[in-house]
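Visitor: What follows is the file my_file_33.cif, containing mmCIF, C-alpha atoms:
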data_coords
loop_
_atom_site.label_atom_id
_atom_site.label_comp_id
_atom_site.auth_asym_id
_atom_site.auth_seq_id
_atom_site.Cartn_x
_atom_site.Cartn_y
_atom_site.Cartn_z
CA MET A 8 11.32 221.82 63.86
CA LYS A 9 8.24 220.75 65.75
CA SER A 10 6.91 222.83 68.59
CA PRO A 11 6.65 221.43 72.12
CA ALA A 12 2.86 221.41 71.83
CA GLN A 13 3.01 219.19 68.74
CA LEU A 14 5.45 216.81 70.42
CA LEU A 15 3.23 216.65 73.49
CA GLY A 16 0.19 215.91 71.28
CA LEU A 17 2.01 213.07 69.52
CA LEU A 18 3.13 211.69 72.89
CA LEU A 19 -0.45 211.78 74.20
CA ALA A 20 -1.76 210.08 71.05
CA ALA A 21 0.84 207.30 71.36
CA LEU A 22 -0.02 206.81 75.03
CA ALA A 23 -3.73 206.67 74.26
CA LEU A 24 -3.25 204.06 71.53
CA THR A 25 -1.13 201.83 73.74
CA ALA A 26 -3.58 202.20 76.62
CA LEU A 27 -6.50 201.24 74.37
CA ALA A 28 -4.60 198.24 73.04
CA GLU A 29 -3.92 197.00 76.59
CA ASP A 30 -7.33 198.04 78.01
CA LYS A 31 -5.64 200.06 80.74
CA PRO A 32 -6.66 203.61 81.67
CA VAL A 33 -4.47 206.43 80.33
CA PRO A 34 -2.42 208.17 83.04
CA PRO A 35 -2.95 211.94 83.15
CA ALA A 36 -0.31 213.88 81.25
CA ALA A 37 1.91 216.45 82.92
CA ALA A 38 1.38 220.09 82.02
CA PRO A 39 3.87 221.32 79.39
CA VAL A 40 6.66 223.62 80.51
CA PRO A 41 6.19 227.07 78.92
CA SER A 42 9.07 228.20 76.75
CA THR A 43 10.90 231.34 77.88
CA ALA A 44 12.53 232.17 74.55
CA THR A 45 10.35 234.30 72.25
CA PRO A 46 11.30 235.98 68.97
CA LEU A 47 11.77 239.73 69.04
CA GLY A 48 8.60 241.79 68.64
CA GLU A 49 6.25 239.04 69.84
CA SER A 50 4.58 239.00 73.20
CA LYS A 51 4.19 235.86 75.24
CA LYS A 52 0.86 234.15 74.71
CA ALA A 53 -0.61 231.44 76.85
CA GLU A 54 -0.62 228.12 75.00
CA PRO A 55 -3.57 225.76 75.53
CA VAL A 56 -2.82 222.83 77.78
CA ALA A 57 -3.93 219.37 76.67
CA VAL A 58 -5.30 217.27 79.51
CA ALA A 59 -6.34 213.66 79.10
CA PRO A 60 -9.98 212.91 79.98
CA PRO A 61 -10.59 211.02 83.22
CA ALA A 62 -10.59 207.26 82.91
CA PRO A 63 -14.06 205.65 82.73
CA PRO A 64 -15.15 203.52 85.69
CA PRO A 65 -14.54 199.80 85.36
CA ALA A 66 -17.33 197.93 83.58
CA ALA A 67 -18.14 195.51 86.39
CA GLN A 68 -21.92 196.04 86.49
CA VAL A 69 -23.15 196.57 82.90
CA PRO A 70 -26.94 196.35 82.51
CA PHE A 71 -28.44 193.80 80.16
CA THR A 72 -30.01 194.92 76.89
CA PRO A 73 -33.82 194.70 76.70
CA LEU A 74 -35.09 193.28 73.41
CA ALA A 75 -38.04 194.58 71.36
CA ASN A 76 -40.35 191.74 72.47
CA GLY A 77 -39.88 192.59 76.18
CA LYS A 78 -37.34 189.86 76.97
CA VAL A 79 -33.90 190.59 78.34
CA ASP A 80 -30.79 189.60 76.37
CA ASP A 81 -28.31 187.51 78.42
CA LYS A 82 -25.20 189.21 77.03
CA PRO A 83 -24.15 192.49 78.67
CA ALA A 84 -24.79 195.71 76.73
CA ASP A 85 -21.80 197.71 75.57
CA PRO A 86 -22.21 201.33 76.74
CA ASP A 87 -20.43 202.59 73.58
CA VAL A 88 -22.73 200.75 71.14
CA MET A 89 -26.29 201.81 70.40
CA GLU A 90 -28.52 199.17 68.85
CA LEU A 91 -31.32 200.32 66.59
CA PRO A 92 -34.50 198.38 65.82
CA LYS A 93 -34.53 196.26 62.67
CA MET A 94 -36.01 198.01 59.64
CA VAL A 95 -37.04 196.89 56.16
CA VAL A 96 -36.36 199.26 53.26
CA LYS A 97 -38.46 198.96 50.11
CA GLN A 98 -37.46 200.55 46.85
CA LYS A 99 -39.94 202.92 45.22
CA PRO A 100 -41.27 201.70 41.87
CA ARG A 101 -39.86 203.32 38.76
CA PRO A 102 -42.04 206.03 37.24
CA ARG A 103 -43.98 204.98 34.18
CA LEU A 104 -43.96 207.07 31.03
CA THR A 105 -47.35 208.74 30.90
CA PRO A 106 -48.63 211.39 28.52
CA GLU A 107 -47.72 214.03 31.12
CA ILE A 108 -44.08 212.91 31.10
CA MET A 109 -43.52 211.98 27.46
CA VAL A 110 -44.94 214.32 24.85
CA THR A 111 -44.91 213.78 21.08
CA ARG A 112 -43.93 216.56 18.69
CA LYS A 113 -47.55 217.08 17.66
CA ALA A 114 -48.80 217.30 21.28
CA PHE A 115 -45.93 219.67 22.16
CA GLY A 116 -46.90 221.90 19.22
CA GLU A 117 -50.54 221.94 20.33
CA ASP A 118 -49.51 222.90 23.87
CA LEU A 119 -47.30 225.70 22.51
CA ALA A 120 -50.17 226.91 20.29
CA ARG A 121 -52.48 227.14 23.31
CA GLN A 122 -49.83 229.10 25.24
CA LYS A 123 -48.67 231.46 22.48
CA PHE A 124 -51.77 232.27 20.46
CA SER A 125 -54.94 233.97 21.61
CA ALA A 126 -58.37 232.36 21.47
CA LEU A 127 -59.31 234.58 18.50
CA ASP A 128 -56.21 233.48 16.55
CA GLN A 129 -56.97 229.85 17.38
CA ALA A 130 -60.60 230.24 16.21
CA LEU A 131 -59.68 232.01 12.96
CA ASN A 132 -56.95 229.51 12.06
CA LYS A 133 -58.76 226.36 13.09
CA PHE A 134 -58.79 224.87 9.61
CA THR A 135 -55.85 224.82 7.16
CA LEU A 136 -55.53 223.73 3.57
CA PRO A 137 -53.38 220.61 3.41
CA LEU A 138 -51.24 221.67 0.45
CA PHE A 139 -50.91 225.40 1.07
CA GLY A 140 -51.19 226.20 4.78
CA THR A 141 -49.52 225.31 8.02
CA SER A 142 -51.43 224.38 11.12
CA LEU A 143 -51.40 226.41 14.30
CA ALA A 144 -49.31 223.74 16.06
CA GLU A 145 -46.70 223.77 13.29
CA ARG A 146 -46.53 227.58 13.43
CA ALA A 147 -46.03 227.42 17.20
CA LEU A 148 -43.23 224.84 16.82
CA GLU A 149 -41.51 226.96 14.14
CA ASP A 150 -41.70 230.03 16.41
CA TYR A 151 -40.31 228.01 19.32
CA GLU A 152 -37.38 226.67 17.27
CA ARG A 153 -36.67 230.14 15.85
CA GLU A 154 -36.62 231.66 19.37
CA LYS A 155 -34.28 228.90 20.58
CA LYS A 156 -31.91 229.56 17.67
CA GLU A 157 -31.98 233.33 18.27
CA GLN A 158 -31.19 232.77 21.95
CA LEU A 159 -28.29 230.47 21.06
CA ASN A 160 -26.90 233.01 18.58
CA ALA A 161 -27.18 235.80 21.17
CA ASP A 162 -25.33 233.66 23.75
CA VAL A 163 -22.60 232.79 21.22
CA GLN A 164 -22.20 236.47 20.28
CA ASN A 165 -21.80 237.43 23.95
CA MET A 166 -19.17 234.72 24.49
CA ALA A 167 -17.35 235.65 21.29
CA LYS A 168 -17.34 239.33 22.30
CA ALA A 169 -15.73 238.42 25.62
CA LEU A 170 -13.28 236.08 23.87
CA ASP A 171 -12.24 238.79 21.34
CA THR A 172 -9.94 240.43 23.88
CA THR A 173 -7.96 237.27 24.72
CA ASP A 174 -8.11 235.10 21.59
CA PRO A 175 -9.59 236.65 18.42
CA GLU A 176 -9.05 233.47 16.35
CA ALA A 177 -11.06 231.35 18.79
CA ALA A 178 -13.84 233.96 18.79
CA LYS A 179 -13.93 233.87 14.98
CA SER A 180 -14.14 230.05 14.93
CA LEU A 181 -16.87 230.14 17.59
CA ARG A 182 -18.96 232.51 15.46
CA ALA A 183 -18.39 230.34 12.39
CA ALA A 184 -19.45 227.18 14.25
CA ALA A 185 -22.66 228.86 15.46
CA ALA A 186 -23.50 230.11 11.97
CA ARG A 187 -23.45 226.60 10.49
CA PRO A 188 -26.91 225.02 10.08
#
Starting from the file, lay out its structure as structure tokens.
Guide:
Amino acid sequence: MKSPAQLLGLLLAALALTALAEDKPVPPAAAPVPSTATPLGESKKAEPVAVAPPAPPPAAQVPFTPLANGKVDDKPADPDVMELPKMVVKQKPRPRLTPEIMVTRKAFGEDLARQKFSALDQALNKFTLPLFGTSLAERALEDYEREKKEQLNADVQNMAKALDTTDPEAAKSLRAAAARP
């Protein structure tokens, strides 16, 4: 069952829609009659009263809209519509792939070598034998990949440990999937 306040709100909405459709002002609504019956244990509370806003004055003298070039437009301006100046929007150009954005495996290894190894280590291992040794950049890449794999295995072990309590079979399959090369 709908409360009197809801019925009054629907009635006001219907009146407002019909008044807008006919371009007539909305008559003010009567105040709702407070209900005297209350359930046991509840105190009477004052309900908010919905009052229709006052009707706007008739639009007999509407000023004309000034244009951007200083002239006055001959059609009357609508007080509910705000006109903005014309604007042109230009799309930003797409970024180009530069060496700072796109890095090859060799350049990434050299950057890692500069970050991970000291200047002494870089000086001592500047030259490598092609058949027997690995370069400093390759060593840095191998360390990076090893650290990534160790981090992944640690994350999988933590998830599997949490999953052991609810589904031991899923935890076992998760560990097996992480152990595969």
Visitor: Using only C-alpha atoms for the distances, tell me which of A:Ala126, A:Leu148, A:Leu131, A:Leu159 is nearest to Arg112 (chain A).
Guide: A:Leu148
Visitor: Name the residues in contact with Ser125 (chain A) at a cut-off of 12 Å, using all atoms listed in the file, excluding same-chain residues fewer than 6 positions from it; report them as a list in words.
Guide: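 That gives Leu119, Leu131, Asn132, Leu143 and Ala147 of chain A.
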Visitor: Selection in question (the file shown): the PyMOL selection byres ((chain A and resi 186) around 12). Which residues does it include, as a PyMOL selection string?
Guide: chain A and resi 156-157+159-161+163-164+179-185+187-188
Visitor: So the first atom is CA of Gln122 (chain A) and the second is CA of Arg146 (chain A); what is the distance between them in Å, to one decimal place?
Guide: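 Taking CA of Gln122 (chain A) and CA of Arg146 (chain A), their separation equals 12.4 Å.
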